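Novice: Pasting in a structure now, in C-alpha cells, and then I'll have a few things to ask.
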Protein chains: 2
Amino acid sequence: MNPARGNGVKVVGIDPGSLVTGYGVIEVSGSSVRALEYSVIRTNPRDPLERRLAQIYNGLVEMLERCGPRIMAVEEVFYRKNFRSAVMIGEARGIAMLAAANCGIAVESYPPARIKQAVVGNGRAVKGQVNSMVSRILSLPAAPEEDAADALAAALCHSHTLSSRRVQLR
Amino acid sequence: MNPARGNGVKVVGIDPGSLVTGYGVIEVSGSSVRALEYSVIRTNPRDPLERRLAQIYNGLVEMLERCGPRIMAVEEVFYRKNFRSAVMIGEARGIAMLAAANCGIAVESYPPARIKQAVVGNGRAVKGQVNSMVSRILSLPAAPEEDAADALAAALCHSHTLSSRRVQLR
C-alpha cells in the first residue's frame with residue numbers, strides 16, 4: 001500500500017519527545033477512518049541534543065513528504081513534572097512544527113483532555129484506555145507503541161473536528 | 001567589516017523565544033574579545049506558530065552561514081512562570097539547536113547563574129546589570145536590546161570557558 005495514494009483527507013498526529021517522537025497518519029473519508037502508517041522515531045540519549053533534534057527533523061520531513069498529510073495535529077503541553085521536562089517537550093514540539101511549516105502543512109494544537117474526550121469519550125481517560133480505543137477505532141492488528149498511539153489519538157481528535165464541521169455545514 | 005573574517009574563535013550566543021530570538025556573535029582572540037554582530041529576530045504574534053518558528057530557523061541559518069561561528073552557546077531554562085511558557089521557550093530553543101546542527105556547529109548549554117557569574121561576577125545579578133556589563137566588556141556604542149544582550153552574555157560565558165581551558169593547559 002502506498003500511503004501517499006487515497007482520496008480522503010490525510011491527517012498526521014505527532015507525540016513529540018527528544019528521546020521518542022511518535023507519529024501516526026490516518027486517512028478520513030466521510031465517516032470512515034483508517035491508519036496509513038504509524039511508528040516512532042527513537043534517538044540515542046548519548047548523542048548531543050542538537051544531533052537528536054536533527055534526526056527527528058529529518059525523519060519527520062521524510063515521512064511527511066512520503067505520506068503527504070494535509071494537517072498536523074499536536075497535543076498541547078499543559079503540565080509536566082518539572083520545567084526542564086516541559087522545555088524538552090517544547091524542543092521536540094518546535095522541531096515537529098518546523099517540519100510541518102517547511103513541508104507546507106498547517107498545524108493544529110489540541111489540549112490533552114480534548115484528545116481523550118474525542119477518542120475515549122472521557123477527558124480524564126488514562127493512557128491504557130487511549131491506546132486500546134485507538135486500536136479499536138482503527139482496527140489495528142496489535143496495540144501500537146505508546147507514543148505512536150498518542151500520535152494517532154491526536155490525529156483522530158482532528159478527524160472529529162473535520163466530521164463535526166461537515167455536520168455543521170449540512 | 002565582514003564578520004566571517006578573523007583569526008579568533010567565533011562564538012554565537014542565542015536567547016531563544018518564539019516572539020523575539022536574540023543572537024550575538026563574538027570573536028575571542030587570546031585575552032581580547034569583540035562583538036561581530038548582534039541583533040534580534042522578531043516574529044508576528046498573529047502569524048501561526050509554525051510559520052514563526054520557520055522565520056526564526058531561516059534567520060538563524062542565514063546568520064550562522066554568514067558569520068561562521070564554531071560554537072553556539074544557549075542558556076538552559078530552569079524556571080518560568082508557567083509550564084506553557086517553558087514549552088514555548090523550548091520550541092524556539094529546539095529550532096536554534098536544529099539550525100546549529102544543520103550548519104555543523106556544536107551547542108553548549110549554560111545555566112543562567114553561570115552566565116551571570118561569568119559576565120557580572122555574581123550569579124544572582126539582575127537583567128540591567130547583565131546588559132550594562134555586556135556593553136562595557138565589548139565596548140558597545142550603545143546598550144543592545146535586552147534579548148541581544150542576553151545572547152551576547154551566553155557567548156561571553158562560553159568565552160570564559162575557553163580562557164580557563166587555556167589557563168589549565170599552560
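Each chain of the C-alpha cells is named A, B, ... in the order shown, its residues numbered from 1; ligands are numbered from 1 in display order.
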Compute the set of chain A residues within 8 Å of chain B, using only C-alpha atoms, and express it as a PyMOL selection string.

Specialist: chain A and resi 49-51+53-54+77-80+83-84+86-95+97-98+100-102+106-107

Novice: List as a ChimeraX atom specification the protein and nucleic acid residues near Arg42 in chain A, meaning an atom at most 7 Å away when only C-alpha atoms are counted, but skip any in the same chain fewer than 3 places from it.

Specialist: /A:19-21

Novice: Give me the residues within 9 Å of range 26-38 of chain B as an MDAnalysis selection string, counting only C-alpha atoms and dropping any in the same chain fewer than 5 places off.

Specialist: chainID B and resid 1:4 6:13 67 69 137:140 144 148:149 151:152 155:156 159 162:163

Novice: Write the selection just made, keeping N, CA and C atoms, as an mmCIF file, in the first residue's frame?

Specialist:
data_model
loop_
_atom_site.group_PDB
_atom_site.id
_atom_site.type_symbol
_atom_site.label_atom_id
_atom_site.label_comp_id
_atom_site.auth_asym_id
_atom_site.auth_seq_id
_atom_site.Cartn_x
_atom_site.Cartn_y
_atom_site.Cartn_z
ATOM 1 N N MET B 1 32.948 45.847 7.650
ATOM 2 C CA MET B 1 33.590 44.682 8.294
ATOM 3 C C MET B 1 32.833 43.414 7.914
ATOM 4 N N ASN B 2 33.582 42.427 7.462
ATOM 5 C CA ASN B 2 32.953 41.138 7.151
ATOM 6 C C ASN B 2 33.082 40.237 8.377
ATOM 7 N N PRO B 3 31.946 39.909 9.036
ATOM 8 C CA PRO B 3 32.051 39.138 10.265
ATOM 9 C C PRO B 3 32.596 37.729 10.055
ATOM 10 N N ALA B 4 32.644 37.245 8.804
ATOM 11 C CA ALA B 4 33.151 35.898 8.570
ATOM 12 C C ALA B 4 34.682 35.862 8.607
ATOM 13 N N GLY B 6 38.477 36.801 10.231
ATOM 14 C CA GLY B 6 39.088 36.994 11.549
ATOM 15 C C GLY B 6 39.817 35.734 11.941
ATOM 16 N N ASN B 7 40.759 35.884 12.907
ATOM 17 C CA ASN B 7 41.597 34.743 13.266
ATOM 18 C C ASN B 7 41.210 34.094 14.578
ATOM 19 N N GLY B 8 40.328 34.744 15.334
ATOM 20 C CA GLY B 8 39.964 34.202 16.641
ATOM 21 C C GLY B 8 38.904 33.117 16.539
ATOM 22 N N VAL B 9 38.463 32.668 17.717
ATOM 23 C CA VAL B 9 37.380 31.681 17.772
ATOM 24 C C VAL B 9 36.063 32.444 17.822
ATOM 25 N N LYS B 10 35.167 32.135 16.906
ATOM 26 C CA LYS B 10 33.868 32.812 16.887
ATOM 27 C C LYS B 10 32.839 31.993 17.650
ATOM 28 N N VAL B 11 32.110 32.676 18.521
ATOM 29 C CA VAL B 11 31.084 32.040 19.349
ATOM 30 C C VAL B 11 29.794 32.815 19.147
ATOM 31 N N VAL B 12 28.698 32.095 18.903
ATOM 32 C CA VAL B 12 27.402 32.772 18.824
ATOM 33 C C VAL B 12 26.588 32.402 20.070
ATOM 34 N N GLY B 13 26.031 33.417 20.707
ATOM 35 C CA GLY B 13 25.113 33.184 21.816
ATOM 36 C C GLY B 13 23.692 33.376 21.316
ATOM 37 N N CYS B 67 28.187 34.424 9.382
ATOM 38 C CA CYS B 67 29.180 34.756 10.414
ATOM 39 C C CYS B 67 30.153 33.608 10.698
ATOM 40 N N PRO B 69 30.305 31.014 13.081
ATOM 41 C CA PRO B 69 30.824 30.695 14.420
ATOM 42 C C PRO B 69 31.132 29.200 14.534
ATOM 43 N N ILE B 137 32.110 45.256 28.594
ATOM 44 C CA ILE B 137 33.135 44.267 28.204
ATOM 45 C C ILE B 137 33.417 44.341 26.702
ATOM 46 N N LEU B 138 32.349 44.534 25.918
ATOM 47 C CA LEU B 138 32.509 44.512 24.462
ATOM 48 C C LEU B 138 32.644 45.928 23.876
ATOM 49 N N SER B 139 32.693 46.944 24.748
ATOM 50 C CA SER B 139 32.795 48.348 24.312
ATOM 51 C C SER B 139 31.756 48.681 23.251
ATOM 52 N N LEU B 140 30.502 48.320 23.519
ATOM 53 C CA LEU B 140 29.447 48.590 22.543
ATOM 54 C C LEU B 140 29.103 50.071 22.547
ATOM 55 N N PRO B 144 22.597 47.263 23.951
ATOM 56 C CA PRO B 144 21.831 46.481 22.961
ATOM 57 C C PRO B 144 20.435 46.158 23.492
ATOM 58 N N ALA B 148 19.265 40.622 22.698
ATOM 59 C CA ALA B 148 20.590 40.565 22.080
ATOM 60 C C ALA B 148 21.671 40.580 23.167
ATOM 61 N N ALA B 149 21.440 41.374 24.235
ATOM 62 C CA ALA B 149 22.403 41.433 25.347
ATOM 63 C C ALA B 149 22.498 40.069 26.030
ATOM 64 N N ALA B 151 21.918 37.207 24.690
ATOM 65 C CA ALA B 151 22.600 36.307 23.757
ATOM 66 C C ALA B 151 24.113 36.535 23.824
ATOM 67 N N LEU B 152 24.532 37.818 23.844
ATOM 68 C CA LEU B 152 25.970 38.129 23.954
ATOM 69 C C LEU B 152 26.526 37.618 25.283
ATOM 70 N N ALA B 155 27.313 34.009 24.966
ATOM 71 C CA ALA B 155 28.546 33.839 24.185
ATOM 72 C C ALA B 155 29.771 34.187 25.033
ATOM 73 N N LEU B 156 29.681 35.273 25.843
ATOM 74 C CA LEU B 156 30.802 35.665 26.711
ATOM 75 C C LEU B 156 31.066 34.584 27.759
ATOM 76 N N SER B 159 33.102 32.070 26.224
ATOM 77 C CA SER B 159 34.485 32.540 26.009
ATOM 78 C C SER B 159 35.297 32.423 27.302
ATOM 79 N N LEU B 162 36.569 29.009 27.424
ATOM 80 C CA LEU B 162 37.740 28.895 26.540
ATOM 81 C C LEU B 162 38.988 29.391 27.257
ATOM 82 N N SER B 163 38.886 30.582 27.918
ATOM 83 C CA SER B 163 40.050 31.169 28.594
ATOM 84 C C SER B 163 40.530 30.266 29.716
#

Novice: So that I can check the secondary structure, give me every residue of range 1-159 of chain A assigned strand (DSSP E) by backbone DSSP, as number ranges by chain.

Specialist: A: 9-15, 20-29, 32-42, 71-75, 106-110

Novice: Just checking: using only C-alpha atoms, which residue out of A:Glu145, A:Asp15, A:Asp150, A:Glu62 ends up closest to Lys127 in chain A?

Specialist: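 Closest candidate: A:Asp150.
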
Novice: To one decimal place, how far is CA of Cys103 in chain A from CA of Arg70 in chain A in Å?

Specialist: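 Distance reported for this atom pair: 9.7 Å.
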
Novice: DSSP on the backbone: what in range 63-92 of chain A comes out alpha helix (DSSP H), as a compact mmCIF listing (two decimals) with C-alpha atoms, in the first residue's frame?

Specialist:
# COMPACT_ATOMS: atom_id res chain seq x y z
CA MET A 63 7.63 10.82 6.46
CA LEU A 64 5.65 13.98 5.63
CA GLU A 65 6.95 14.02 2.05
CA ARG A 66 6.17 10.32 1.62
CA CYS A 67 2.70 10.29 3.21
CA PHE A 83 10.18 22.85 33.94
CA ARG A 84 13.13 21.06 32.41
CA SER A 85 10.86 18.32 31.04
CA ALA A 86 8.39 20.96 29.73
CA VAL A 87 11.28 22.65 27.91
CA MET A 88 12.40 19.30 26.46
CA ILE A 89 8.90 18.53 25.14
CA GLY A 90 8.87 22.05 23.67
CA GLU A 91 12.18 21.46 21.89
CA ALA A 92 10.82 18.40 20.07

Novice: Which of these residues is nearest to Ala154 in chain A, using only C-alpha atoms: A:Asn58, A:Pro16, A:Pro45, A:Arg136?

Specialist: A:Pro16

Novice: Rounded to one decimal place, report the CA of Asp147 in chain A-CA of Thr43 in chain A distance in Å.

Specialist: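 Those two atoms sit 13.5 Å apart.
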